[in-house]
$ cat final16.cif   # mmCIF, C-alpha atoms
data_target
#
loop_
_atom_site.label_atom_id
_atom_site.label_comp_id
_atom_site.auth_asym_id
_atom_site.auth_seq_id
_atom_site.Cartn_x
_atom_site.Cartn_y
_atom_site.Cartn_z
CA MET E 1 0.00 0.00 0.00
CA THR E 2 1.42 3.38 -1.02
CA LEU E 3 1.68 5.90 1.80
CA SER E 4 0.21 9.36 1.35
CA TYR E 5 2.44 12.44 1.16
CA PHE E 6 1.72 13.28 4.81
CA ASP E 7 2.09 9.71 6.11
CA SER E 8 5.45 9.37 4.33
CA PHE E 9 6.59 12.54 6.10
CA LEU E 10 5.33 11.19 9.41
CA LYS E 11 7.12 7.86 8.92
CA ARG E 12 10.44 9.62 8.22
CA VAL E 13 10.14 11.83 11.28
CA PHE E 14 9.20 8.99 13.63
CA ALA E 15 11.97 6.70 12.37
CA THR E 16 14.65 9.35 12.82
CA THR E 17 13.67 11.21 15.98
CA GLY E 18 12.48 8.39 18.22
CA LEU E 19 9.05 10.00 18.50
CA GLU E 20 6.36 7.35 18.58
CA THR E 21 2.98 9.10 18.53
CA GLN E 22 1.32 12.10 16.95
CA THR E 23 0.77 13.47 20.45
CA GLU E 24 4.53 13.49 21.04
CA LEU E 25 5.09 15.20 17.70
CA ALA E 26 2.50 17.84 18.57
CA SER E 27 4.36 18.53 21.82
CA VAL E 28 7.66 18.99 19.96
CA LEU E 29 6.03 21.26 17.38
CA ARG E 30 4.15 23.15 20.13
CA ILE E 31 0.82 22.70 18.43
CA ASN E 32 -2.49 21.07 19.29
CA ARG E 33 -2.91 17.40 18.46
CA SER E 34 -5.90 18.37 16.29
CA ALA E 35 -3.59 20.36 13.97
CA ILE E 36 -1.90 17.11 12.96
CA THR E 37 -5.27 15.53 12.20
CA GLN E 38 -6.18 18.48 9.98
CA ALA E 39 -2.84 18.39 8.14
CA ARG E 40 -3.30 14.67 7.55
CA LYS E 41 -6.77 15.24 6.08
CA LYS E 42 -5.38 17.91 3.76
CA ASP E 43 -2.34 15.72 2.99
CA SER E 44 -0.08 18.74 3.50
CA ILE E 45 2.94 19.66 5.62
CA PRO E 46 2.85 23.20 7.08
CA ALA E 47 6.03 25.17 6.39
CA ASN E 48 6.39 26.18 10.04
CA TRP E 49 6.60 22.48 10.99
CA VAL E 50 9.50 22.01 8.61
CA LEU E 51 11.24 25.05 10.08
CA GLN E 52 10.70 23.85 13.65
CA LEU E 53 12.04 20.37 12.90
CA TYR E 54 15.06 21.89 11.17
CA ARG E 55 15.78 24.05 14.21
CA ILE E 56 15.49 21.15 16.64
CA TYR E 57 17.09 18.31 14.67
CA GLY E 58 18.88 19.93 11.73
CA PHE E 59 16.76 18.06 9.16
CA ASN E 60 17.13 18.85 5.48
CA PRO E 61 13.77 20.42 4.43
CA ASP E 62 13.85 18.58 1.07
CA TRP E 63 14.23 15.28 2.89
CA LEU E 64 11.43 16.14 5.31
CA GLU E 65 8.99 17.08 2.55
CA ARG E 66 9.96 14.73 -0.26
CA GLY E 67 12.41 12.20 1.15
CA THR E 68 15.17 13.39 -1.20
CA GLY E 69 18.75 14.40 -0.45
CA GLU E 70 20.67 14.03 2.79
CA THR E 71 18.67 13.52 5.96
CA PHE E 72 20.49 16.35 7.71
CA LEU E 73 21.29 19.71 6.21
CA LYS E 74 24.62 19.97 7.97
CA ALA E 75 27.39 17.50 7.39
CA ASP E 76 28.35 17.02 11.03
CA ARG E 77 27.21 13.65 12.32
CA GLU E 78 26.15 14.99 15.69
CA LYS E 79 22.82 15.87 14.08
CA GLU E 80 22.23 12.19 13.40
CA ILE E 81 21.93 11.34 17.06
CA LYS E 82 18.49 9.91 17.68
CA PHE E 83 16.39 11.26 20.49
CA LYS E 84 13.87 9.71 22.82
CA HIS E 85 11.14 11.94 24.22
CA VAL E 86 10.47 11.20 27.87
CA PRO E 87 7.11 12.25 29.34
CA LYS E 88 6.94 14.63 32.28
CA VAL E 89 3.94 13.96 34.50
CA LYS E 90 1.92 16.29 36.67
CA ALA E 91 2.61 14.33 39.87
CA ARG E 92 5.31 15.80 42.08
CA LEU E 93 7.70 14.00 44.41
CA SER E 94 7.70 15.27 47.93
CA ALA E 95 11.02 15.96 49.59
CA GLY E 96 9.19 16.66 52.80
CA GLY E 97 6.03 15.38 54.40
CA GLY E 98 4.43 13.73 51.39
CA SER E 99 2.62 14.68 48.21
CA PHE E 100 -0.98 13.94 47.32
CA GLU E 101 -0.37 15.11 43.76
CA ILE E 102 -0.20 11.69 42.18
CA GLY E 103 -1.84 12.34 38.82
CA ALA E 104 -0.28 10.66 35.81
CA GLU E 105 -1.38 13.43 33.45
CA ILE E 106 1.42 14.20 30.98
CA GLN E 107 2.49 17.85 30.90
CA GLY E 108 4.95 17.55 28.03
CA TYR E 109 7.88 15.64 26.56
CA TYR E 110 11.61 16.26 26.92
CA ALA E 111 14.25 15.01 24.49
CA PHE E 112 17.20 12.89 25.63
CA GLN E 113 19.83 11.17 23.50
CA THR E 114 18.57 7.63 23.08
CA GLU E 115 21.98 6.00 23.43
CA TRP E 116 22.62 7.88 26.66
CA LEU E 117 19.28 6.78 28.08
CA ARG E 118 20.05 3.17 27.21
CA THR E 119 23.13 3.28 29.42
CA LYS E 120 20.91 4.28 32.34
CA GLY E 121 18.10 1.76 32.08
CA ASN E 122 14.87 0.93 30.25
CA THR E 123 14.09 3.86 27.94
CA ASP E 124 10.43 2.83 27.64
CA ARG E 125 9.86 2.98 31.39
CA MET E 126 11.29 6.42 32.14
CA VAL E 127 9.39 9.44 33.38
CA LEU E 128 10.24 12.96 34.59
CA MET E 129 8.83 14.41 37.79
CA ASP E 130 9.36 17.62 39.74
CA ILE E 131 10.43 17.77 43.37
CA PHE E 132 9.09 20.07 46.02
CA GLY E 133 10.37 20.38 49.56
CA ASN E 134 13.86 20.41 51.06
CA SER E 135 14.29 17.06 52.80
CA MET E 136 16.80 15.83 50.18
CA GLU E 137 19.00 18.92 50.16
CA PRO E 138 21.74 19.47 49.23
CA GLU E 139 21.59 16.60 46.71
CA LEU E 140 18.10 17.42 45.44
CA LYS E 141 16.49 20.82 45.86
CA ASP E 142 12.98 22.18 45.70
CA GLY E 143 12.02 22.65 42.03
CA ASP E 144 14.48 20.11 40.61
CA SER E 145 13.30 17.71 37.91
CA VAL E 146 14.35 14.08 38.22
CA LEU E 147 14.42 11.25 35.72
CA ILE E 148 13.00 8.02 37.11
CA ASP E 149 13.36 4.53 35.65
CA GLU E 150 10.23 2.69 36.71
CA SER E 151 11.77 -0.65 35.71
CA GLN E 152 14.38 -0.37 38.48
CA LYS E 153 12.52 -1.34 41.64
CA ASP E 154 15.06 -3.57 43.38
CA ILE E 155 16.33 -1.67 46.39
CA LEU E 156 20.01 -0.77 46.35
CA SER E 157 21.11 0.45 49.75
CA GLY E 158 21.60 4.21 49.75
CA ALA E 159 20.20 4.77 46.26
CA VAL E 160 17.48 7.38 45.72
CA PHE E 161 14.02 6.10 44.85
CA ALA E 162 10.55 7.47 44.25
CA VAL E 163 8.33 5.57 46.65
CA GLY E 164 4.64 5.55 47.41
CA VAL E 165 3.52 5.20 51.02
CA ASP E 166 -0.24 4.80 51.32
CA ASP E 167 -1.64 7.83 49.43
CA THR E 168 1.58 9.87 49.32
CA ILE E 169 4.66 9.78 47.11
CA LEU E 170 8.14 10.61 48.33
CA VAL E 171 11.71 10.80 47.11
CA LYS E 172 14.10 9.21 49.61
CA ARG E 173 17.18 7.08 49.99
CA VAL E 174 16.00 3.58 50.80
CA GLU E 175 17.65 0.93 52.93
CA LYS E 176 16.34 -2.56 53.45
CA HIS E 177 16.92 -4.19 56.84
CA PRO E 178 15.49 -7.47 58.13
CA ASN E 179 11.72 -6.95 58.30
CA THR E 180 12.26 -3.18 58.06
CA LEU E 181 12.46 -0.48 55.40
CA VAL E 182 14.20 2.79 56.20
CA LEU E 183 13.46 5.96 54.21
CA LEU E 184 16.32 8.41 54.66
CA SER E 185 16.55 12.14 53.94
CA ASP E 186 19.81 13.90 53.09
CA ASN E 187 18.69 16.91 55.12
CA ARG E 188 19.54 16.11 58.73
CA ASP E 189 16.57 18.14 59.94
CA TYR E 190 14.36 15.24 58.82
CA ALA E 191 14.37 12.05 60.88
CA PRO E 192 14.52 8.65 59.14
CA ILE E 193 11.20 6.92 58.53
CA TYR E 194 11.13 3.33 59.79
CA LEU E 195 8.54 0.98 58.36
CA LYS E 196 8.32 -2.40 60.06
CA GLY E 197 6.46 -5.62 59.55
CA SER E 198 3.11 -5.15 57.84
CA GLU E 199 3.86 -1.44 57.34
CA CYS E 200 6.29 -2.45 54.60
CA GLU E 201 3.33 -3.69 52.58
CA SER E 202 2.07 -0.13 52.27
CA VAL E 203 5.26 0.88 50.41
CA ARG E 204 5.49 0.62 46.64
CA VAL E 205 8.74 1.42 44.88
CA ILE E 206 7.87 3.58 41.86
CA GLY E 207 11.38 3.61 40.42
CA LYS E 208 15.00 4.62 40.84
CA VAL E 209 16.08 8.24 40.41
CA ILE E 210 18.84 8.18 37.80
CA TRP E 211 19.34 11.85 36.86
CA ALA E 212 18.41 15.32 38.02
CA ALA E 213 18.21 18.78 36.45
CA ARG E 214 18.16 22.15 38.14
CA GLU E 215 17.02 25.51 36.90
CA PHE E 216 18.91 28.34 38.54
CA ARG E 217 16.81 31.28 39.59
#
$ encode --input "final16.cif" --output "C-alpha cells"
Amino acid sequence: MTLSYFDSFLKRVFATTGLETQTELASVLRINRSAITQARKKDSIPANWVLQLYRIYGFNPDWLERGTGETFLKADREKEIKFKHVPKVKARLSAGGGSFEIGAEIQGYYAFQTEWLRTKGNTDRMVLMDIFGNSMEPELKDGDSVLIDESQKDILSGAVFAVGVDDTILVKRVEKHPNTLVLLSDNRDYAPIYLKGSECESVRVIGKVIWAAREFR
C-alpha cells in the first residue's frame, strides 16, 4: 500500500527522531494534536513544521517534505543522534512530608539522546517528575526535575528512589533491613522513617532516580 504524502513525512520523522505518537510530535512542534489531524486530512505539511524540525534536529527540508537528499542539512554527524522523548507527569515527588499530587497526566515531553538513556536503564519505562520540599538537600532541591526509571525497583542500599507510602509519594534514599524499610533524607533536619512488619506492605517502589536537572533562579 502506497503511503500518502503526509504519512510518508510522518514515517520519516518517527523513524529518525524516536518519536512514537502524533501526540509526542504535537508537543515537539508546540501545536495542538488536532492540527496534525487536519494536516493529515489535507495531505499537506505546514512550512512552520519544517522550520521547527530543522531548528530542533537539523533536518534537510527537502528530505522532510519529499524524502530526497541528505537527511540532515549539515554534514556534522552529531545531528544524526536519535532522540527519545520522555514524558513529564503532573505528579510531584515530595522531599518533605508527602505529596498527594499523584496524577499521571502528561504535561509535556523532553528530548534525551537515546543511546545515553540506554546506558541508564529501560528507555520505555522512564518518566520525569518535579520535586518540592527540602528534605533531600543538598543533593536534590525544591524545584528540581528528576528522571526516574520505573523498571528499576530492586532496592540498592543508599540509592534514591521514588516511593509511594499509602496515598503519598516521596523521594528518599532507601535501605532494606530485616523486616524493616528505612526511608532516609539527606537533610539532617528530617528524621529517618522506619517501616516495620506489615507497614512495609504499604510501600510501593515507583522507580529509581537516575538523573536530576536544576534551573537556577
$ atom_distance --input "final16.cif" --atom1 "CA of Lys11 (chain E)" --atom2 "CA of Arg66 (chain E)"
11.8 Å
$ closest_residue --input "final16.cif" --among "E:Leu183, E:Ser4, E:Arg12, E:Thr119" --to "Asn60 (chain E)" --atoms "all atoms listed in the file"
E:Arg12
$ resolve_selection --input "final16.cif" --expression "the PyMOL selection byres ((chain E and resi 9) around 10)" --output "short mmCIF file (atom, residue, chain, number, x, y, z; two decimals) with C-alpha atoms, in the frame of the given file"
data_model
loop_
_atom_site.label_atom_id
_atom_site.label_comp_id
_atom_site.auth_asym_id
_atom_site.auth_seq_id
_atom_site.Cartn_x
_atom_site.Cartn_y
_atom_site.Cartn_z
CA LEU E 3 1.68 5.90 1.80
CA SER E 4 0.21 9.36 1.35
CA TYR E 5 2.44 12.44 1.16
CA PHE E 6 1.72 13.28 4.81
CA ASP E 7 2.09 9.71 6.11
CA SER E 8 5.45 9.37 4.33
CA LEU E 10 5.33 11.19 9.41
CA LYS E 11 7.12 7.86 8.92
CA ARG E 12 10.44 9.62 8.22
CA VAL E 13 10.14 11.83 11.28
CA PHE E 14 9.20 8.99 13.63
CA ASP E 43 -2.34 15.72 2.99
CA SER E 44 -0.08 18.74 3.50
CA ILE E 45 2.94 19.66 5.62
CA TRP E 63 14.23 15.28 2.89
CA LEU E 64 11.43 16.14 5.31
CA GLU E 65 8.99 17.08 2.55
CA ARG E 66 9.96 14.73 -0.26
CA GLY E 67 12.41 12.20 1.15
#
$ closest_atom_pairs --input "final16.cif" --of "region 19-98 of chain E" --to "region 108-115 of chain E" --cutoff "8 Å" --atoms "only C-alpha atoms" --output "Markdown table"
| residue | atom | partner | partner_atom | distance |
| --- | --- | --- | --- | --- |
| E:Glu24 | CA | E:Tyr109 | CA | 6.8 |
| E:Ser27 | CA | E:Gly108 | CA | 6.3 |
| E:Val28 | CA | E:Tyr109 | CA | 7.4 |
| E:Ile81 | CA | E:Gln113 | CA | 6.8 |
| E:Lys82 | CA | E:Thr114 | CA | 5.9 |
| E:Phe83 | CA | E:Gln113 | CA | 4.6 |
| E:Lys84 | CA | E:Thr114 | CA | 5.1 |
| E:His85 | CA | E:Ala111 | CA | 4.4 |
| E:Val86 | CA | E:Tyr110 | CA | 5.3 |
| E:Pro87 | CA | E:Tyr109 | CA | 4.5 |
| E:Lys88 | CA | E:Gly108 | CA | 5.5 |
| E:Val89 | CA | E:Gly108 | CA | 7.5 |
$ write_last_selection --input "final16.cif" --atoms "C-alpha atoms" --output "PDB file, keeping the file's coordinate frame"
ATOM      1  CA  GLU E  24       4.530  13.490  21.040  1.00  0.00           C
ATOM      2  CA  SER E  27       4.360  18.530  21.820  1.00  0.00           C
ATOM      3  CA  VAL E  28       7.660  18.990  19.960  1.00  0.00           C
ATOM      4  CA  ILE E  81      21.930  11.340  17.060  1.00  0.00           C
ATOM      5  CA  LYS E  82      18.490   9.910  17.680  1.00  0.00           C
ATOM      6  CA  PHE E  83      16.390  11.260  20.490  1.00  0.00           C
ATOM      7  CA  LYS E  84      13.870   9.710  22.820  1.00  0.00           C
ATOM      8  CA  HIS E  85      11.140  11.940  24.220  1.00  0.00           C
ATOM      9  CA  VAL E  86      10.470  11.200  27.870  1.00  0.00           C
ATOM     10  CA  PRO E  87       7.110  12.250  29.340  1.00  0.00           C
ATOM     11  CA  LYS E  88       6.940  14.630  32.280  1.00  0.00           C
ATOM     12  CA  VAL E  89       3.940  13.960  34.500  1.00  0.00           C
TER      13      VAL E  89
END
$ resolve_selection --input "final16.cif" --expression "the PyMOL selection byres ((chain E and resi 199) around 12)" --output "MDAnalysis selection string"
chainID E and resid 165:166 179:182 193:198 200:204
$ atom_distance --input "final16.cif" --atom1 "CA of Arg40 (chain E)" --atom2 "CA of Thr123 (chain E)"
28.9 Å
$ build_atoms --input "final16.cif" --residues "region 158-178 of chain E" --atoms "N, CA and C atoms" --output "PDB file, keeping the file's coordinate frame"
ATOM      1  N   GLY E 158      21.075   2.864  49.915  1.00  0.00           N
ATOM      2  CA  GLY E 158      21.600   4.210  49.750  1.00  0.00           C
ATOM      3  C   GLY E 158      21.200   4.900  48.467  1.00  0.00           C
ATOM      4  N   ALA E 159      20.635   4.162  47.513  1.00  0.00           N
ATOM      5  CA  ALA E 159      20.200   4.770  46.260  1.00  0.00           C
ATOM      6  C   ALA E 159      18.926   5.578  46.499  1.00  0.00           C
ATOM      7  N   VAL E 160      18.657   6.516  45.581  1.00  0.00           N
ATOM      8  CA  VAL E 160      17.480   7.380  45.720  1.00  0.00           C
ATOM      9  C   VAL E 160      16.334   6.807  44.895  1.00  0.00           C
ATOM     10  N   PHE E 161      15.179   6.673  45.517  1.00  0.00           N
ATOM     11  CA  PHE E 161      14.020   6.100  44.850  1.00  0.00           C
ATOM     12  C   PHE E 161      12.799   7.011  45.037  1.00  0.00           C
ATOM     13  N   ALA E 162      11.889   6.922  44.079  1.00  0.00           N
ATOM     14  CA  ALA E 162      10.550   7.470  44.250  1.00  0.00           C
ATOM     15  C   ALA E 162       9.716   6.348  44.842  1.00  0.00           C
ATOM     16  N   VAL E 163       9.094   6.617  45.984  1.00  0.00           N
ATOM     17  CA  VAL E 163       8.330   5.570  46.650  1.00  0.00           C
ATOM     18  C   VAL E 163       6.949   6.095  47.024  1.00  0.00           C
ATOM     19  N   GLY E 164       5.979   5.219  46.968  1.00  0.00           N
ATOM     20  CA  GLY E 164       4.640   5.550  47.410  1.00  0.00           C
ATOM     21  C   GLY E 164       4.394   4.916  48.764  1.00  0.00           C
ATOM     22  N   VAL E 165       3.884   5.700  49.691  1.00  0.00           N
ATOM     23  CA  VAL E 165       3.520   5.200  51.020  1.00  0.00           C
ATOM     24  C   VAL E 165       2.064   5.573  51.258  1.00  0.00           C
ATOM     25  N   ASP E 166       1.203   4.558  51.256  1.00  0.00           N
ATOM     26  CA  ASP E 166      -0.240   4.800  51.320  1.00  0.00           C
ATOM     27  C   ASP E 166      -0.637   5.737  50.171  1.00  0.00           C
ATOM     28  N   ASP E 167      -1.161   6.926  50.479  1.00  0.00           N
ATOM     29  CA  ASP E 167      -1.640   7.830  49.430  1.00  0.00           C
ATOM     30  C   ASP E 167      -0.643   8.941  49.106  1.00  0.00           C
ATOM     31  N   THR E 168       0.590   8.822  49.571  1.00  0.00           N
ATOM     32  CA  THR E 168       1.580   9.870  49.320  1.00  0.00           C
ATOM     33  C   THR E 168       2.743   9.304  48.521  1.00  0.00           C
ATOM     34  N   ILE E 169       3.460  10.193  47.825  1.00  0.00           N
ATOM     35  CA  ILE E 169       4.660   9.780  47.110  1.00  0.00           C
ATOM     36  C   ILE E 169       5.827  10.638  47.585  1.00  0.00           C
ATOM     37  N   LEU E 170       6.960   9.982  47.753  1.00  0.00           N
ATOM     38  CA  LEU E 170       8.140  10.610  48.330  1.00  0.00           C
ATOM     39  C   LEU E 170       9.368  10.312  47.490  1.00  0.00           C
ATOM     40  N   VAL E 171      10.407  11.124  47.672  1.00  0.00           N
ATOM     41  CA  VAL E 171      11.710  10.800  47.110  1.00  0.00           C
ATOM     42  C   VAL E 171      12.663  10.675  48.300  1.00  0.00           C
ATOM     43  N   LYS E 172      13.270   9.493  48.433  1.00  0.00           N
ATOM     44  CA  LYS E 172      14.100   9.210  49.610  1.00  0.00           C
ATOM     45  C   LYS E 172      15.206   8.211  49.230  1.00  0.00           C
ATOM     46  N   ARG E 173      16.240   8.201  50.044  1.00  0.00           N
ATOM     47  CA  ARG E 173      17.180   7.080  49.990  1.00  0.00           C
ATOM     48  C   ARG E 173      16.537   5.927  50.750  1.00  0.00           C
ATOM     49  N   VAL E 174      16.691   4.732  50.211  1.00  0.00           N
ATOM     50  CA  VAL E 174      16.000   3.580  50.800  1.00  0.00           C
ATOM     51  C   VAL E 174      17.018   2.534  51.232  1.00  0.00           C
ATOM     52  N   GLU E 175      16.847   2.041  52.438  1.00  0.00           N
ATOM     53  CA  GLU E 175      17.650   0.930  52.930  1.00  0.00           C
ATOM     54  C   GLU E 175      16.725  -0.191  53.388  1.00  0.00           C
ATOM     55  N   LYS E 176      17.144  -1.399  53.095  1.00  0.00           N
ATOM     56  CA  LYS E 176      16.340  -2.560  53.450  1.00  0.00           C
ATOM     57  C   LYS E 176      17.049  -3.341  54.543  1.00  0.00           C
ATOM     58  N   HIS E 177      16.416  -3.413  55.701  1.00  0.00           N
ATOM     59  CA  HIS E 177      16.920  -4.190  56.840  1.00  0.00           C
ATOM     60  C   HIS E 177      15.991  -5.369  57.071  1.00  0.00           C
ATOM     61  N   PRO E 178      16.390  -6.350  57.855  1.00  0.00           N
ATOM     62  CA  PRO E 178      15.490  -7.470  58.130  1.00  0.00           C
ATOM     63  C   PRO E 178      14.141  -7.007  58.677  1.00  0.00           C
TER      64      PRO E 178
END
